[in-house]
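Working notes, beginning with the structure itself.
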2 protein chains.
Amino acid sequence: MIRPGDKILIKTDDGEFEGILMQRPEIVPGNALIIKLDSGYNIGIAKNKVRSIKLIKAGKPEELKRPRVIERKNLPKITILSTGGTISSRVDYKTGGVYPALTAEDFVQSNPEVLDYANIDARRISQVFSEDLTPKNWINIAKEIHKEIKKGVDGIVVTHGTDTMHYTAAAISFMLQNLPVPVVFVGSQRSVDRGSSDAYPNLLTAVITAARWDGAECVICMHQSTNDDINIVMRGTKSRKMHTERRDAFRPINELPLAKVDYRGNIVGSADYKKRTNVKPVLNTKLDEKVAIVFFHPGMSPQIIENLIKQKYHGIVLAGTGLGHVGHYLLPVLKKAAKAKIPVVMTSQCFYGRVNGNVYATGRRLTKEANVIYGEDLTPETAYVKLMYVLGQTKNIEKVKEMMTTNLVGEISSRTNPLSFLV
Amino acid sequence: MIRPGDKILIKTDDGEFEGILMQRPEIVPGNALIIKLDSGYNIGIAKNKVRSIKLIKAGKPEELKRPRVIERKNLPKITILSTGGTISSRVDYKTGGVYPALTAEDFVQSNPEVLDYANIDARRISQVFSEDLTPKNWINIAKEIHKEIKKGVDGIVVTHGTDTMHYTAAAISFMLQNLPVPVVFVGSQRSVDRGSSDAYPNLLTAVITAARWDGAECVICMHQSTNDDINIVMRGTKSRKMHTERRDAFRPINELPLAKVDYRGNIVGSADYKKRTNVKPVLNTKLDEKVAIVFFHPGMSPQIIENLIKQKYHGIVLAGTGLGHVGHYLLPVLKKAAKAKIPVVMTSQCFYGRVNGNVYATGRRLTKEANVIYGEDLTPETAYVKLMYVLGQTKNIEKVKEMMTTNLVGEISSRTNPLSFLV
């Protein structure tokens, strides 16, 4: 039997391919074989194209030397929940394969420094690319975090793919309120088999944050700059992935970082976050998934919103221009949405700054004639997640408006620090 | 007869309102009276709600003292084309009304400093909030600029509302290639009746840029910081409005500013732009407007793309996550789009950085199975405008792919300067 790690020769209709058979990520549906070529590239081959497979050399995944983890009494208890993404992987250098590193022991083997800061338990709750996560996954993650907090841990680290980490962190912020301890999301922008990988420093600082930070919020912990020296701790509802591949891609939006943490265990907080207290977390996973984000663009057809009305969406988040505007040609269809009692929340495609429906005539008409809800300084992403949460609690349009424009968990700043632009 | 500028008392079903009757902006359709209250706020009153209007005190707009503009032989010739937006307005302090300042004389009266730099001709080509501009307006603007260049001017300034200025500047970049002189878009984030208005410094530096810059590209000229000292000159295809209200809201994306210009007439260019030469501009206004931007969000229904296929869109720009990903649940509908020969261009909702379909399995499947075109380091906005332009030239899917991934006018950087992130 051919196993992942074996060197094989595959003959197909399109030619012959020699390489190491890779463990197929669970997320890849269908019947594809993935092999790593000598060039280092991976290719996928549909099973129905395979004519024959020949074993060249049997591979064997490197045995893990599992260190015995001894619990140390004076250290905080941290649970690491792994959801997938590059950060939760371990490269087996013999086979070239990427294997999930999911047990506490695996984790500790890769990152022995963390033992200086915490007693660590770890488990995998999913293994999904973050772009494939849906609100259903968020609910599962919220429940798992809740379970851990009820066990009495001192902090949670959630390892996550970076693509949608800010959506998930925002979702958890709403679904799991009244946190007694911090929930720290962390990912990596470069895979662990690259010299420039940020996986280890990010994991280390995330554990330090979960163990030592005096805050009790749902946050994201990622590189402050491209240097491997300091990570910033950002509120989950107020951050975005702002760069496709840089290690410092995650930035706080419309506020400063809540804390900074270095790789020697120091953490310095700002003045502006909820502190750890002995409270019970409130889990509320009611989400209404029938919500969409619409990114306005000049000349945009009203049909795009018309479609959502027809398909009985329960809420729409508009990423408008500037202070929260769309072309006047969308006013009739937005009035129609108002008539159908579909809340429309205005945010800005600028991302930084606050929307305001009172400055220009366009905004005043959207507010007065189409009952558009101006979403303060929410990002479109956070408004999207929040609208799902709010619609899970009430369908009353006035109540929705009130909740959307009221700060629930730190997602709306009463005033924007001018120093927070492009930080 | 009641005239704009008169102080009046309006009785309506909802109460009485006293204030100065404002000139109704052309853009406001329907029958509303706008009055400026003593508080300084403007309110609109539907005419059918008006029971009576009483004249309190007749107003009279301030007479403009038109200075005689004397052409000075040694100065470059600049044309200012006004399209609307806050920047092209003049406040009449007697009546509180905002009037268009559109003739050369009006402009010079408000900004006499510009006469030190250029002989100026100015005309209004539209008076529209920029969120209301559509591709049809872009075509008109391109034609008007072309007309002026053919007359032999040394530079063009286009005053424009800020909300969609980067879309228009990108559109002009594609429709009017081979520029012999610079085309400088400029707007203001604060209206001229506010002490913090950026209208005058922006106009002044835009004129300096049009007159003195050695570059011949379509650019945006806006504040470098919140200080009134230096403006940056950004490529129209590589900039975005990144803040709802700051004066330094416009930022270059994935490259550094092309030039910096101060209010004393100094301009310093970078190494990276096309220089003025004695070439003929090429006007090509064929745009295919049947294009939409779709902003991916976790759990997004495939229906949203299905709708666009059914409604026979000719092209779709996806703002995906990270390096250019969407959930695997969208793969079937994207394959359907490919089958229907609808080009789908992938960009990133990170905005900064470059998309890459080769790093992760998701990208490879989108490229190989759904023929998704990876749009290099284009912003979603520039990709949107470019796809309209490209589809105006060809419907051949391979040709579209080739044009979308080839740099035409500076919109694609071959490599991204690491210093350009969040600049």
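By order in the structure tokens, chains are A, B, ...; within a chain, residues start at 1; ligands start at 1, following the order shown.
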Close residues, Met222 (chain B) itself excluded, 7 Å, only C-alpha atoms, min 2 positions apart in chain, as a PyMOL selection string: chain B and resi 186+202+220+224+231-233+248+250
For the helix (DSSP H, G or I) assignment from backbone DSSP, which residues of region 119-351 of chain A qualify? Please present them as a PyMOL selection string. chain A and resi 130-132+135-151+165-175+199-212+236-238+303-310+328-339
Might you pull out every residue within 9 Å of Arg235 (chain A), with only C-alpha atoms counted and same-chain residues fewer than 5 positions away left off, and present them as a compact mmCIF listing (two decimals) with C-alpha atoms, in the first residue's frame?
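Below is the file that was written, part-v3.txt:
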```txt
# COMPACT_ATOMS: atom_id res chain seq x y z
CA ALA A 169 -12.30 37.06 16.03
CA ALA A 170 -15.11 39.60 15.59
CA SER A 173 -16.33 38.79 20.37
CA GLU A 217 -10.95 40.54 25.51
CA CYS A 218 -11.05 38.62 22.26
CA VAL A 219 -7.95 39.79 20.41
CA ILE A 220 -5.59 39.10 17.54
CA PRO A 252 -5.77 47.82 14.19
CA GLU A 255 -7.82 52.53 17.41
CA PRO A 257 -3.17 48.29 19.71
CA LEU A 258 -4.42 47.23 23.13
CA TYR A 273 -9.49 47.44 27.49
CA GLY A 410 -15.59 47.55 22.04
CA GLU A 411 -16.41 47.43 18.33
```
Shell around region 355-362 of chain A at 7 Å using only C-alpha atoms, local window under 3 positions removed, as JSON, numbers by chain: {"A": [323, 324, 325, 347, 348, 365, 366, 367, 374, 375, 376, 377], "B": [244]}
From A:Thr79, A:Thr285, A:Gln311, A:Ser88, residue lying nearest chain B [only C-alpha atoms]: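 Ranking A:Thr79, A:Thr285, A:Gln311, A:Ser88 by distance to chain B, first place goes to A:Gln311.
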Name the residues in contact with Glu369 (chain A) at a cut-off of 9 Å, using only C-alpha atoms, excluding same-chain residues fewer than 4 positions from it; report them as a ChimeraX atom specification. /A:331,334-335,338,364-365
Let me see the file: selected residues, C-alpha atoms, as a PDB file, in the first residue's frame.
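Final output, saved to selection-v3.pdb:
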```pdb
ATOM      1  CA  LEU A 331     -31.894  55.321  -3.636  1.00  0.00           C
ATOM      2  CA  LEU A 334     -32.718  51.083  -0.967  1.00  0.00           C
ATOM      3  CA  LYS A 335     -36.159  52.516  -0.259  1.00  0.00           C
ATOM      4  CA  ALA A 338     -36.547  49.666   3.771  1.00  0.00           C
ATOM      5  CA  ARG A 364     -29.226  62.656   4.678  1.00  0.00           C
ATOM      6  CA  ARG A 365     -31.400  61.197   1.947  1.00  0.00           C
TER       7      ARG A 365
END
```
Region 182-342 of chain B: residues DSSP assigns to strand (DSSP E), reported as an NGL selection string: :B and (183-186 or 218-223 or 230-235 or 239-241 or 250-252 or 259-262 or 267-269 or 282-283 or 291-295 or 315-320)
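If only C-alpha atoms are the atoms counted, then among B:Val409, B:Ala199, B:Leu287, B:Val183 the closest residue to chain A is B:Leu287.
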Record the distance separating CA of Gly320 (chain A) and CA of Phe174 (chain A), expressed in Å with one decimal. 23.8 Å
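In this structure, CA of Lys312 (chain B) sits 27.1 Å away from CA of Glu131 (chain A).
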From the set A:Ile34, A:Val158, A:Val114, A:Leu179, which residue has the shortest atom-to-atom contact distance to Lys275 (chain A), counting only C-alpha atoms?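 Ranking A:Ile34, A:Val158, A:Val114, A:Leu179 by distance to Lys275 (chain A), first place goes to A:Leu179.
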